[in-house]
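Let me begin by presenting the structure, written as structure tokens, before commenting on it.
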Amino acid sequence: MSDSGMKTVHEDAIAEATTDVEFTPWIDGSRYRPDTDATIEPVDPAVNKRITTIPICDSDVVNVAVQAAWDAYDGTWSSTSPTTRASMLRKWVGVLREHEDELTRLECLDTGKPIEMARGEVRAAFDTIEYYASLCRTIGGDQLASGEKLHAYTRKEPFGVVGQIIPWNFPIWSLAWKLGPALAAGNTSVLKPAQNAPLTAIRAAQLSADIFPNGVINIVPGTGSEAGSALTNHDGVRKVSFTGSRDVGERVMQSAASHIAPVTLELGSKSPFLVFPDADLSKVGKAVADGIFYSSGEICDAFSRAIVHEDIAEEFLDAFLEATTEYACGDPLDENTTMGPLTTADQYESVQKYVSLGEKEGANLVYGGETPGGPLDDGWYVEPTVFTDVDNDMRIAQEEIFGPIQTIQTFDSYEEGINLANDTRFGLSAGIGTEDTSLAHRAAADLESGIVYVNDYGPILPEAPYGGFKQSGIGKDLGQESLEHYLQTKSVYVNLDDPTC
Ligand code: NDP
């Protein structure tokens, strides 16, 4: 396709996606138009074109949203039965499903994700909300052994209003990870999407109109420094859940500490994939390539460090590079594209710097490193890039690059492999390539990581808790465990008199 052809296709798609939809904050069950000239302008990163203009929330508007969320909680939501909440969540998913194509296109335009991947994530978001609808009716408490004159039991209760902050790399899926368990548990939410990719969060909230009571879902697009910080500092926010970078996670934790709100943090990583000598390289080469090139490497659990036994280093490189050729930069709106642009201009600059840094640090650039030209020239594209001869103390082996950059290191004993894998401040995800079941279980136990994949990358099931060890985070998204994070336990003691008859 010619340069102008791709631009025209995107301009048409942007027009179709935005003509009948007004993107604004969503507060108290309707569009909220802040009295402000401050706006954000999400950009289609494939062609560097503004998608729309959104008025943003300052701290005063965040206050309005938190108040609306409390009014909803105190009004009807706190007394809504789990069965009713389940049925509302299911009804919402039903409406979202009717808009699957629209949400998929929005996600693709806003993030630059290939449309096929965007569709998969949109469907995964639906699945996640449905999962939490099914968990509503599992919320209960315990009866405690307490003797004849005492009846003691626990109740699980929501916090009230929760503050949630999501990133730009998986917008609608992250929204489902946050709102699904929070609402299922009986909380109301004020959620801030990332300024770089807020569209599906806003649209999904609009599509909840007339399903939930007004004020149960509130979306406050804005900057992290103003809206994000106002939300996490707000003493009306009783629980904070954040997905994003480690350093902002630290700040969020400090803000929440100011009013002793518990936090769930899902942060970055530098995830290793250990390839043992007996690995089936036809499977593992692909698993490692998927793990770093899916979503252009803009994923918190990206397998950005391949750590390979030295006896099979050459064979692994061949298998990995063969799988890498499956990822080629292209137009995200094309169903056959496997790799889109990076989502933001800042991310593009940052990743380019890491490519130069890798060369300066003495790593061997064996694949990629270029920016594709031609029709992709206006987009923020970086080709799949591979470095060998990497030492663990290089910055490219320690810092989260968040782009399609793979580093390959070697090891010669089990202990060395595990030590290299664990020698990072992060611990979100790790991979193991082996055909030996005993070795797989042993390594899974020895890796300091919240998630372990054997011989594959993914899947991510809503049933499985997702979150990191060490500086990759606190607590979990997904699973029953995430629902528990949105509940607090009350112990009730009832003193009983002797029977009177
Ligand atoms: P951030 O951590 O800055 O952004 C994540 C979210 O936090 C966004 O909604 C952002 O708002 C918000 N935010 C920013 N500052 C504050 C604050 N002081 N208080 C409350 N919320 C805030 O990530 P970036 O977008 O800057 O990406 C930088 C790096 O972070 C990436 O290169 C990657 O390494 C890592 N990252 C990891 C992610 C993950 O999934 N674990 C996701 C995204 C990034 P806004 O952007 O609107 O200003």
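Numbering starts fresh at 1 for the residues of each chain in the structure tokens, the chains themselves are lettered A, B, ... in the order given, and ligands are numbered from 1 as they appear.
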
Please extract the residues at most 9 Å from ligand 1, counting only C-alpha atoms and all ligand atoms, and provide them as a short mmCIF file (atom, residue, chain, number, x, y, z; two decimals) with C-alpha atoms, in the first residue's frame, using the chain letters and residue numbers of this document.
data_model
loop_
_atom_site.label_atom_id
_atom_site.label_comp_id
_atom_site.auth_asym_id
_atom_site.auth_seq_id
_atom_site.Cartn_x
_atom_site.Cartn_y
_atom_site.Cartn_z
CA ILE A 165 -5.34 3.68 37.24
CA ILE A 166 -4.64 1.84 34.01
CA PRO A 167 -1.88 2.11 31.39
CA TRP A 168 -1.92 2.53 27.62
CA ASN A 169 -0.61 -0.87 26.56
CA PHE A 170 -3.72 -3.00 27.27
CA SER A 174 -6.81 -3.63 32.01
CA LYS A 192 -8.24 6.99 35.26
CA PRO A 193 -7.19 5.71 31.85
CA ALA A 194 -3.82 6.67 30.37
CA GLN A 195 -3.87 9.93 28.45
CA ASN A 196 -2.24 8.15 25.50
CA ALA A 197 -4.97 5.51 25.05
CA PRO A 198 -8.19 6.40 26.88
CA PRO A 221 -9.31 10.98 31.67
CA GLY A 222 -6.47 13.32 32.52
CA THR A 223 -2.79 13.44 33.20
CA GLY A 224 -1.11 11.21 35.74
CA SER A 225 0.44 14.17 37.50
CA GLU A 226 -2.92 15.90 38.03
CA ALA A 227 -5.89 13.50 37.77
CA GLY A 228 -3.91 10.38 38.73
CA SER A 229 -2.26 12.00 41.68
CA ALA A 230 -5.55 13.64 42.83
CA LEU A 231 -7.18 10.21 42.78
CA THR A 232 -4.51 8.35 44.72
CA ASN A 233 -4.21 11.18 47.27
CA PHE A 242 -2.57 0.71 39.73
CA THR A 243 -0.97 -0.79 36.63
CA GLY A 244 2.03 0.96 35.14
CA SER A 245 5.70 1.63 35.68
CA ARG A 246 7.62 0.72 38.80
CA ASP A 247 8.56 4.32 39.59
CA VAL A 248 5.03 5.70 39.33
CA GLY A 249 3.91 2.66 41.34
CA ARG A 251 4.62 7.28 44.05
CA VAL A 252 1.11 5.81 44.02
CA SER A 255 0.09 8.78 48.06
CA LEU A 265 0.33 -2.64 42.15
CA GLU A 266 0.93 -4.39 38.83
CA LEU A 267 4.25 -3.02 37.62
CA GLY A 268 6.90 -3.74 35.05
CA SER A 269 9.37 -6.54 34.66
CA GLU A 298 4.87 -3.25 25.13
CA ILE A 299 3.79 -5.76 27.72
CA CYS A 300 4.63 -5.95 31.39
CA ASP A 301 5.39 -9.70 31.22
CA THR A 344 3.57 6.65 21.89
CA ASP A 346 7.98 8.94 23.85
CA GLN A 347 8.10 5.16 23.81
CA SER A 350 13.04 5.59 24.48
CA VAL A 351 13.29 2.28 22.61
CA GLU A 399 15.98 -2.10 32.55
CA GLU A 400 12.46 -2.53 31.23
CA ILE A 401 12.68 -1.39 27.60
CA PHE A 402 9.01 -2.00 26.74
CA GLY A 403 9.69 -2.54 23.07
CA SER A 472 7.05 -6.05 39.96
CA GLY A 473 4.22 -5.35 42.32
#

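Of the residues in segment 209-290 of chain A, those given strand (DSSP E) by DSSP on the backbone are Ile217, Asn218, Ile219, Lys239, Val240, Ser241, Phe242, Thr243, Val263, Thr264, Leu265, Glu266, Pro272, Phe273, Leu274 and Val275 of chain A.
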
Find the residues around Asn419 of chain A up to 10 Å (only C-alpha atoms counted), leave out those fewer than 6 positions away in its own chain, and share them as number ranges by chain. A: 411, 413, 446-448

Include all heavy atoms and write out the residues we just selected as a PDB file, in the first residue's frame.
ATOM      1  N   PHE A 411      24.089 -19.785  29.658  1.00  0.00           N
ATOM      2  CA  PHE A 411      24.473 -20.324  30.969  1.00  0.00           C
ATOM      3  C   PHE A 411      25.006 -21.736  30.765  1.00  0.00           C
ATOM      4  O   PHE A 411      24.750 -22.356  29.724  1.00  0.00           O
ATOM      5  CB  PHE A 411      23.291 -20.303  31.942  1.00  0.00           C
ATOM      6  CG  PHE A 411      22.176 -21.269  31.613  1.00  0.00           C
ATOM      7  CD1 PHE A 411      22.120 -22.535  32.202  1.00  0.00           C
ATOM      8  CD2 PHE A 411      21.166 -20.919  30.721  1.00  0.00           C
ATOM      9  CE1 PHE A 411      21.076 -23.413  31.916  1.00  0.00           C
ATOM     10  CE2 PHE A 411      20.128 -21.795  30.430  1.00  0.00           C
ATOM     11  CZ  PHE A 411      20.086 -23.046  31.028  1.00  0.00           C
ATOM     12  N   SER A 413      25.218 -24.115  33.751  1.00  0.00           N
ATOM     13  CA  SER A 413      24.742 -25.052  34.768  1.00  0.00           C
ATOM     14  C   SER A 413      23.370 -24.597  35.238  1.00  0.00           C
ATOM     15  O   SER A 413      23.017 -23.411  35.076  1.00  0.00           O
ATOM     16  CB  SER A 413      25.692 -25.077  35.976  1.00  0.00           C
ATOM     17  OG  SER A 413      25.619 -23.832  36.655  1.00  0.00           O
ATOM     18  N   ASP A 446      12.047 -22.586  41.712  1.00  0.00           N
ATOM     19  CA  ASP A 446      13.244 -21.786  42.022  1.00  0.00           C
ATOM     20  C   ASP A 446      13.209 -20.375  41.427  1.00  0.00           C
ATOM     21  O   ASP A 446      14.002 -19.515  41.828  1.00  0.00           O
ATOM     22  CB  ASP A 446      14.497 -22.515  41.515  1.00  0.00           C
ATOM     23  CG  ASP A 446      14.815 -23.737  42.376  1.00  0.00           C
ATOM     24  OD1 ASP A 446      14.320 -23.790  43.523  1.00  0.00           O
ATOM     25  OD2 ASP A 446      15.540 -24.633  41.906  1.00  0.00           O
ATOM     26  N   LEU A 447      12.357 -20.146  40.445  1.00  0.00           N
ATOM     27  CA  LEU A 447      12.319 -18.818  39.814  1.00  0.00           C
ATOM     28  C   LEU A 447      11.551 -17.831  40.689  1.00  0.00           C
ATOM     29  O   LEU A 447      10.460 -18.155  41.189  1.00  0.00           O
ATOM     30  CB  LEU A 447      11.669 -18.912  38.433  1.00  0.00           C
ATOM     31  CG  LEU A 447      12.554 -19.576  37.379  1.00  0.00           C
ATOM     32  CD1 LEU A 447      11.727 -20.024  36.162  1.00  0.00           C
ATOM     33  CD2 LEU A 447      13.671 -18.631  36.935  1.00  0.00           C
ATOM     34  N   GLU A 448      12.114 -16.647  40.890  1.00  0.00           N
ATOM     35  CA  GLU A 448      11.461 -15.621  41.715  1.00  0.00           C
ATOM     36  C   GLU A 448      10.507 -14.820  40.819  1.00  0.00           C
ATOM     37  O   GLU A 448      10.868 -13.769  40.285  1.00  0.00           O
ATOM     38  CB  GLU A 448      12.514 -14.693  42.313  1.00  0.00           C
ATOM     39  CG  GLU A 448      13.437 -15.405  43.287  1.00  0.00           C
ATOM     40  CD  GLU A 448      14.623 -14.542  43.718  1.00  0.00           C
ATOM     41  OE1 GLU A 448      14.876 -13.491  43.077  1.00  0.00           O
ATOM     42  OE2 GLU A 448      15.287 -14.928  44.676  1.00  0.00           O
TER      43      GLU A 448
END

For each of A:Ile115, A:Val43, A:Ile460, A:Val275, take the minimum atom-to-atom distance to Gly433 of chain A, counting only C-alpha atoms, then give the residue where this is smallest.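 Closest residue, counting only C-alpha atoms: A:Val275.
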
With only C-alpha atoms as the counted atoms, please give the residues lying no more than 12 Å from Leu321 of chain A, apart from itself and same-chain residues fewer than 5 positions off, as a PDB file with N, CA and C atoms, in the first residue's frame.
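Saved to selection-v3.pdb:
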ATOM      1  N   LEU A 281      13.148 -26.996  20.441  1.00  0.00           N
ATOM      2  CA  LEU A 281      13.356 -25.618  19.967  1.00  0.00           C
ATOM      3  C   LEU A 281      12.297 -25.174  18.968  1.00  0.00           C
ATOM      4  N   SER A 282      11.623 -26.145  18.336  1.00  0.00           N
ATOM      5  CA  SER A 282      10.567 -25.723  17.406  1.00  0.00           C
ATOM      6  C   SER A 282       9.427 -25.062  18.201  1.00  0.00           C
ATOM      7  N   VAL A 284       9.952 -23.806  21.502  1.00  0.00           N
ATOM      8  CA  VAL A 284      10.464 -22.775  22.405  1.00  0.00           C
ATOM      9  C   VAL A 284      10.922 -21.516  21.647  1.00  0.00           C
ATOM     10  N   GLY A 285      11.480 -21.705  20.456  1.00  0.00           N
ATOM     11  CA  GLY A 285      11.875 -20.532  19.653  1.00  0.00           C
ATOM     12  C   GLY A 285      10.658 -19.638  19.431  1.00  0.00           C
ATOM     13  N   LYS A 286       9.531 -20.266  19.127  1.00  0.00           N
ATOM     14  CA  LYS A 286       8.299 -19.492  18.887  1.00  0.00           C
ATOM     15  C   LYS A 286       7.787 -18.866  20.194  1.00  0.00           C
ATOM     16  N   ALA A 287       7.839 -19.641  21.289  1.00  0.00           N
ATOM     17  CA  ALA A 287       7.340 -19.110  22.569  1.00  0.00           C
ATOM     18  C   ALA A 287       8.109 -17.845  22.954  1.00  0.00           C
ATOM     19  N   VAL A 288       9.430 -17.881  22.779  1.00  0.00           N
ATOM     20  CA  VAL A 288      10.241 -16.720  23.175  1.00  0.00           C
ATOM     21  C   VAL A 288       9.966 -15.543  22.221  1.00  0.00           C
ATOM     22  N   ALA A 289       9.810 -15.835  20.940  1.00  0.00           N
ATOM     23  CA  ALA A 289       9.505 -14.748  19.986  1.00  0.00           C
ATOM     24  C   ALA A 289       8.138 -14.136  20.298  1.00  0.00           C
ATOM     25  N   ASP A 290       7.142 -14.978  20.547  1.00  0.00           N
ATOM     26  CA  ASP A 290       5.817 -14.439  20.912  1.00  0.00           C
ATOM     27  C   ASP A 290       5.934 -13.598  22.179  1.00  0.00           C
ATOM     28  N   PHE A 293       7.717 -10.220  21.108  1.00  0.00           N
ATOM     29  CA  PHE A 293       7.245  -9.394  19.987  1.00  0.00           C
ATOM     30  C   PHE A 293       5.729  -9.173  19.976  1.00  0.00           C
ATOM     31  N   GLU A 314      23.478 -21.909  19.534  1.00  0.00           N
ATOM     32  CA  GLU A 314      23.368 -21.623  18.089  1.00  0.00           C
ATOM     33  C   GLU A 314      22.048 -22.118  17.527  1.00  0.00           C
ATOM     34  N   GLU A 315      21.678 -23.359  17.926  1.00  0.00           N
ATOM     35  CA  GLU A 315      20.403 -23.910  17.423  1.00  0.00           C
ATOM     36  C   GLU A 315      19.227 -23.049  17.904  1.00  0.00           C
ATOM     37  N   PHE A 316      19.308 -22.598  19.160  1.00  0.00           N
ATOM     38  CA  PHE A 316      18.216 -21.749  19.664  1.00  0.00           C
ATOM     39  C   PHE A 316      18.119 -20.483  18.828  1.00  0.00           C
ATOM     40  N   GLU A 326       8.196 -14.153  11.616  1.00  0.00           N
ATOM     41  CA  GLU A 326       6.719 -14.098  11.592  1.00  0.00           C
ATOM     42  C   GLU A 326       6.226 -12.714  11.989  1.00  0.00           C
ATOM     43  N   TYR A 327       7.081 -11.951  12.675  1.00  0.00           N
ATOM     44  CA  TYR A 327       6.673 -10.620  13.133  1.00  0.00           C
ATOM     45  C   TYR A 327       7.229  -9.572  12.185  1.00  0.00           C
ATOM     46  N   VAL A 366      22.251  -8.665  16.204  1.00  0.00           N
ATOM     47  CA  VAL A 366      22.239  -9.688  15.146  1.00  0.00           C
ATOM     48  C   VAL A 366      20.997  -9.620  14.275  1.00  0.00           C
ATOM     49  N   TYR A 367      20.025  -8.787  14.655  1.00  0.00           N
ATOM     50  CA  TYR A 367      18.790  -8.731  13.860  1.00  0.00           C
ATOM     51  C   TYR A 367      18.098  -7.402  14.119  1.00  0.00           C
ATOM     52  N   GLY A 368      17.589  -6.790  13.070  1.00  0.00           N
ATOM     53  CA  GLY A 368      16.734  -5.606  13.224  1.00  0.00           C
ATOM     54  C   GLY A 368      17.489  -4.360  13.615  1.00  0.00           C
ATOM     55  N   PRO A 384      11.543  -5.799  14.966  1.00  0.00           N
ATOM     56  CA  PRO A 384      12.055  -6.761  15.937  1.00  0.00           C
ATOM     57  C   PRO A 384      13.575  -6.681  15.953  1.00  0.00           C
ATOM     58  N   THR A 385      14.136  -6.620  17.154  1.00  0.00           N
ATOM     59  CA  THR A 385      15.579  -6.382  17.297  1.00  0.00           C
ATOM     60  C   THR A 385      16.161  -7.385  18.294  1.00  0.00           C
ATOM     61  N   VAL A 386      17.315  -7.954  17.939  1.00  0.00           N
ATOM     62  CA  VAL A 386      17.876  -9.027  18.774  1.00  0.00           C
ATOM     63  C   VAL A 386      19.351  -8.756  19.044  1.00  0.00           C
ATOM     64  N   PHE A 387      19.719  -8.811  20.332  1.00  0.00           N
ATOM     65  CA  PHE A 387      21.117  -8.692  20.745  1.00  0.00           C
ATOM     66  C   PHE A 387      21.596 -10.021  21.324  1.00  0.00           C
ATOM     67  N   THR A 388      22.786 -10.469  20.909  1.00  0.00           N
ATOM     68  CA  THR A 388      23.449 -11.589  21.600  1.00  0.00           C
ATOM     69  C   THR A 388      24.665 -11.011  22.346  1.00  0.00           C
ATOM     70  N   GLN A 406      15.028  -8.012  22.058  1.00  0.00           N
ATOM     71  CA  GLN A 406      15.368  -9.239  22.782  1.00  0.00           C
ATOM     72  C   GLN A 406      16.864  -9.280  23.089  1.00  0.00           C
ATOM     73  N   ILE A 408      19.921 -11.964  24.403  1.00  0.00           N
ATOM     74  CA  ILE A 408      20.174 -13.405  24.567  1.00  0.00           C
ATOM     75  C   ILE A 408      21.486 -13.591  25.328  1.00  0.00           C
TER      76      ILE A 408
END

Rounded to one decimal place, report the atom CA of Ser271 of chain A-atom CA of Gln398 of chain A distance in Å.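 About the pair atom CA of Ser271 of chain A and atom CA of Gln398 of chain A: they are 9.7 Å apart.
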
Which of these residues is nearest to Arg123 of chain A, using only C-alpha atoms: A:Glu322, A:Gln164, A:Ala176, A:Ser81?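 When distances to Arg123 of chain A are compared using only C-alpha atoms, the smallest one comes from A:Ala176.
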
Tell me, counting only C-alpha atoms, for each residue of segment 209-253 of chain A within 12 Å of segment 485-493 of chain A, which pair of atoms is nearest and how far apart they are in Å to one decimal, in rows ordered by chain and increasing number, as a tab-separated table.
residue	atom	partner	partner_atom	distance
A:Arg238	CA	A:Tyr486	CA	9.8
A:Lys239	CA	A:Tyr486	CA	7.6
A:Val240	CA	A:Tyr486	CA	9.4
A:Ser241	CA	A:His485	CA	9.3

Do you know which residues are at most 10 Å from Trp92 of chain A counting only C-alpha atoms, after dropping those on the same chain fewer than 4 positions away, and could you put them as a ChimeraX atom specification? /A:86-88,96-97,126,129-130,204-205,207-212

Who sits within 8 Å of Asn218 of chain A, only C-alpha atoms, same chain under 2 positions skipped, as a ChimeraX atom specification: /A:25-29,65,69,189-191,205,215-216,220

DSSP-assigned helix (DSSP H, G or I) among segment 221-349 of chain A, expressed as a PyMOL selection string: chain A and resi 224-233+246-257+281-297+310-324+345-349

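Among A:Met6, A:Ala363, A:Ile202, A:Met117, the residue with the shortest atom-to-atom distance to Pro375 of chain A, counting only C-alpha atoms, is A:Met6.
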
Quick one: pull the distance between atom CA of Glu349 of chain A and atom CA of Ile405 of chain A, Å, one decimal.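 Spanning atom CA of Glu349 of chain A to atom CA of Ile405 of chain A is a straight-line distance of 13.5 Å.
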
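Neighbouring residues of Pro114 of chain A at 7 Å or closer, counting only C-alpha atoms and skipping chain neighbours under 4 positions away, are A:Cys108, A:Ala118, A:Pro332, A:Leu333, A:Thr337, A:Thr338, A:Met339, A:Gly340.
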
Using only C-alpha atoms, which residue out of A:Arg33, A:Lys91, A:Lys113, A:Arg50 lies closest to Asp331 of chain A?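 Looking at the shortest contact to Asp331 of chain A, the residue is A:Lys113.
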
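For the pair atom CA of Val62 of chain A and atom CA of Pro171 of chain A, the interatomic distance is 19.9 Å.
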
Just checking: using only C-alpha atoms, which residue out of A:Ala345, A:Leu439, A:Leu274, A:Ile396 ends up closest to Gly112 of chain A?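 Comparing A:Ala345, A:Leu439, A:Leu274, A:Ile396 against Gly112 of chain A, the winner is A:Ala345.
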
Between A:Ser146, A:Asn495, A:Gln352, A:Gln480, which one has atoms that come closest to Ala182 of chain A, using only C-alpha atoms? A:Gln480
